[in-house]
Amino acid sequence: MSIQDIHIAIVEDDNEIRQTLNLIIDGSSGFTCKYAFPDGESALASIGNLPVDIVLMDIDLPGRSGIEVTRQLKIENPELDIIMLTVQSDDDSIFESLCAGASGYLLKDTSPAELLVHIREVFEGGAPMSSTIARRIINSFRVIENPLSERETEILRMLSKGLNYKEIAEKAFLSPHTVKSHIKNIYSKLHVGNRAEAIYKAIKQKLI
């Protein structure tokens with residue numbers, strides 16, 4: 001084993017995938033993979049005491065999720081690099097993983113050759129992502145045009161603070177009937193059916 005080898009650990013609950021990854025990595029020049037864990041708890045109990053440079057982390061694990069495990073590992077081992085290797089491509093999983101401290105985010109359809117390239121990229125200070133993940137992140141930073149008028153935005157902001165129709169009417173110097181009409185328009189423009197959905201969507205799209 002060369003002193004230049006990158007030491008990898010795998011956290012993956014699927015036995016076949018875990019074994020396949022182990023064989024691919026450990027059989028490739030410049031890489032060694034002696035540690036593989038079927039769940040987050042066993043990984044947390046051991047990785048901090050092992051000579052590991054990079055962890056390949058699944059998200060959908062039994063018990064604690066891979067995101068939770070990543071967060072805890074980074075608290076205990078700030079220098080440890082973790083690459084999420086998952087089938088999850090939704091925005092929440094991506095951003096929660098990155099916020100937890102993941103250095104990269106790859107989908108499981110990544111080819112073995114690409115995976116090895118990405119592992120070395122992380123080892124050298126990079127932050128690789130599958131192309132579809134990178135596009136989702138770029139799209140998330142695009143400014144979403146606010147479909148609401150200034151008055152509707154103001155009313156929705158007051159709704160989010162828990163004010164009722166009467167209180168909004170008093171603060172906005174409007175009649176309750178006008179406030180009700182504005183709120184109806186807000187729901188229509190945001191394609192939602194109630195206050196909670198409107199507030200959730202507005203916050204998620206950074207409209208308020």
# chains A, B, ... in the order shown; residues from 1 in each chain; ligands from 1
call {"tool": "residues_around", "arguments": {"residues": "Gly126 (chain A)", "least_positions_apart": "6", "cutoff": "9 Å", "atoms": "only C-alpha atoms", "output": "number ranges by chain"}}
result
A: 103-104, 118, 120
call {"tool": "select_by_dssp", "arguments": {"residues": "region 4-137 of chain A", "states": "strand (DSSP E or B)", "output": "list of chain:residue names"}}
result
A:Ile6, A:His7, A:Ile8, A:Ala9, A:Ile10, A:Val11, A:Phe31, A:Thr32, A:Cys33, A:Lys34, A:Tyr35, A:Ala36, A:Phe37, A:Ile54, A:Val55, A:Leu56, A:Met57, A:Asp81, A:Ile82, A:Ile83, A:Met84, A:Leu85, A:Thr86, A:Gly104, A:Tyr105, A:Leu106, A:Leu107, A:Met129
call {"tool": "residues_around", "arguments": {"residues": "Leu106 (chain A)", "least_positions_apart": "5", "cutoff": "9 Å", "atoms": "only C-alpha atoms", "output": "MDAnalysis selection string"}}
result
chainID A and resid 83:87 115 118 128:131 133
call {"tool": "residues_around", "arguments": {"residues": "Leu56 (chain A)", "least_positions_apart": "6", "cutoff": "10 Å", "atoms": "only C-alpha atoms", "output": "tab-separated table (two decimals) with C-alpha atoms, in the first residue's frame"}}
result
chain	number	residue	atom	x	y	z
A	8	ILE	CA	-11.96	5.79	2.31
A	9	ALA	CA	-14.77	4.66	4.60
A	10	ILE	CA	-18.26	3.79	3.36
A	11	VAL	CA	-21.57	4.26	5.20
A	12	GLU	CA	-24.24	2.42	3.21
A	18	ARG	CA	-21.58	-1.40	0.07
A	21	LEU	CA	-18.11	0.16	-3.65
A	36	ALA	CA	-17.56	-0.04	5.64
A	66	GLY	CA	-26.79	10.27	6.68
A	81	ASP	CA	-14.22	15.15	4.20
A	82	ILE	CA	-17.63	13.59	3.54
A	83	ILE	CA	-19.17	12.95	0.13
A	84	MET	CA	-22.87	12.23	0.00
A	85	LEU	CA	-23.50	9.29	-2.35
A	86	THR	CA	-27.23	8.91	-2.67
A	102	ALA	CA	-20.63	17.62	3.18
A	104	GLY	CA	-19.50	16.88	-2.23
A	105	TYR	CA	-22.85	15.50	-3.41
A	106	LEU	CA	-22.97	12.64	-5.91
A	119	ILE	CA	-12.88	11.29	-4.45
call {"tool": "atom_distance", "arguments": {"atom1": "CA of Val69 (chain A)", "atom2": "CA of Pro51 (chain A)"}}
result
18.0 Å
call {"tool": "residues_around", "arguments": {"residues": "region 177-184 of chain A", "least_positions_apart": "2", "cutoff": "10 Å", "atoms": "only C-alpha atoms", "output": "PyMOL selection string"}}
result
chain A and resi 148-149+151-153+155-156+159+164-170+172-175+186-189+192-195+198
call {"tool": "write_last_selection", "arguments": {"atoms": "C-alpha atoms", "output": "compact mmCIF listing (two decimals), in the first residue's frame"}}
result
# COMPACT_ATOMS: atom_id res chain seq x y z
CA LEU A 148 -47.54 39.74 -5.76
CA SER A 149 -48.04 43.49 -5.72
CA ARG A 151 -49.63 45.77 -1.10
CA GLU A 152 -50.19 42.01 -1.36
CA THR A 153 -46.63 41.36 -0.20
CA ILE A 155 -50.40 41.91 3.69
CA LEU A 156 -48.81 38.47 3.35
CA LEU A 159 -50.28 37.32 7.82
CA ASN A 164 -55.92 38.47 11.62
CA TYR A 165 -57.99 40.25 8.94
CA LYS A 166 -59.16 42.99 11.28
CA GLU A 167 -55.68 43.73 12.60
CA ILE A 168 -54.28 43.83 9.07
CA ALA A 169 -57.05 46.18 7.99
CA GLU A 170 -56.22 48.57 10.84
CA ALA A 172 -52.87 48.90 6.39
CA PHE A 173 -55.68 51.48 6.66
CA LEU A 174 -57.97 49.27 4.60
CA SER A 175 -61.43 47.83 5.09
CA ILE A 186 -52.59 36.20 -2.95
CA TYR A 187 -53.85 32.61 -2.72
CA SER A 188 -54.72 32.63 -6.40
CA LYS A 189 -51.35 34.00 -7.54
CA VAL A 192 -52.35 27.80 -2.60
CA GLY A 193 -55.52 27.25 -0.59
CA ASN A 194 -54.84 28.65 2.85
CA ARG A 195 -52.71 30.93 5.02
CA ALA A 198 -49.17 30.82 1.35
call {"tool": "residues_around", "arguments": {"residues": "Ala100 (chain A)", "least_positions_apart": "5", "cutoff": "7 Å", "atoms": "only C-alpha atoms", "output": "list of chain:residue names"}}
result
A:Ile67, A:Thr70, A:Arg71
call {"tool": "select_by_dssp", "arguments": {"residues": "region 94-146 of chain A", "states": "alpha helix (DSSP H)", "output": "JSON, numbers by chain"}}
result
{"A": [94, 95, 96, 97, 98, 99, 100, 112, 113, 114, 115, 116, 117, 118, 119, 120, 121, 122, 123, 131, 132, 133, 134, 135, 136, 137, 138, 139, 140]}
call {"tool": "write_last_selection", "arguments": {"atoms": "C-alpha atoms", "output": "PDB file, in the first residue's frame"}}
result
ATOM      1  CA  ILE A  94     -28.974  18.708  -1.102  1.00  0.00           C
ATOM      2  CA  PHE A  95     -28.971  21.853   0.994  1.00  0.00           C
ATOM      3  CA  GLU A  96     -29.272  20.098   4.343  1.00  0.00           C
ATOM      4  CA  SER A  97     -26.294  17.915   3.411  1.00  0.00           C
ATOM      5  CA  LEU A  98     -24.170  20.879   2.405  1.00  0.00           C
ATOM      6  CA  CYS A  99     -25.175  22.780   5.532  1.00  0.00           C
ATOM      7  CA  ALA A 100     -24.248  19.722   7.613  1.00  0.00           C
ATOM      8  CA  PRO A 112     -16.919   3.989 -10.892  1.00  0.00           C
ATOM      9  CA  ALA A 113     -14.301   5.927 -12.888  1.00  0.00           C
ATOM     10  CA  GLU A 114     -16.027   9.243 -12.176  1.00  0.00           C
ATOM     11  CA  LEU A 115     -16.417   8.349  -8.501  1.00  0.00           C
ATOM     12  CA  LEU A 116     -12.670   7.807  -8.124  1.00  0.00           C
ATOM     13  CA  VAL A 117     -11.962  11.103  -9.889  1.00  0.00           C
ATOM     14  CA  HIS A 118     -14.370  12.900  -7.560  1.00  0.00           C
ATOM     15  CA  ILE A 119     -12.883  11.286  -4.454  1.00  0.00           C
ATOM     16  CA  ARG A 120      -9.430  12.540  -5.459  1.00  0.00           C
ATOM     17  CA  GLU A 121     -10.935  15.933  -6.252  1.00  0.00           C
ATOM     18  CA  VAL A 122     -12.251  16.196  -2.692  1.00  0.00           C
ATOM     19  CA  PHE A 123      -8.928  14.993  -1.295  1.00  0.00           C
ATOM     20  CA  SER A 131     -24.236  17.609 -12.980  1.00  0.00           C
ATOM     21  CA  THR A 132     -27.948  17.400 -12.167  1.00  0.00           C
ATOM     22  CA  ILE A 133     -27.231  18.458  -8.570  1.00  0.00           C
ATOM     23  CA  ALA A 134     -25.107  21.398  -9.706  1.00  0.00           C
ATOM     24  CA  ARG A 135     -27.922  22.565 -11.981  1.00  0.00           C
ATOM     25  CA  ARG A 136     -30.444  22.402  -9.142  1.00  0.00           C
ATOM     26  CA  ILE A 137     -28.184  24.505  -6.956  1.00  0.00           C
ATOM     27  CA  ILE A 138     -27.662  27.077  -9.703  1.00  0.00           C
ATOM     28  CA  ASN A 139     -31.404  27.245 -10.349  1.00  0.00           C
ATOM     29  CA  SER A 140     -32.077  27.800  -6.654  1.00  0.00           C
TER      30      SER A 140
END
call {"tool": "atom_distance", "arguments": {"atom1": "CA of Lys108 (chain A)", "atom2": "CA of Val55 (chain A)"}}
result
14.6 Å
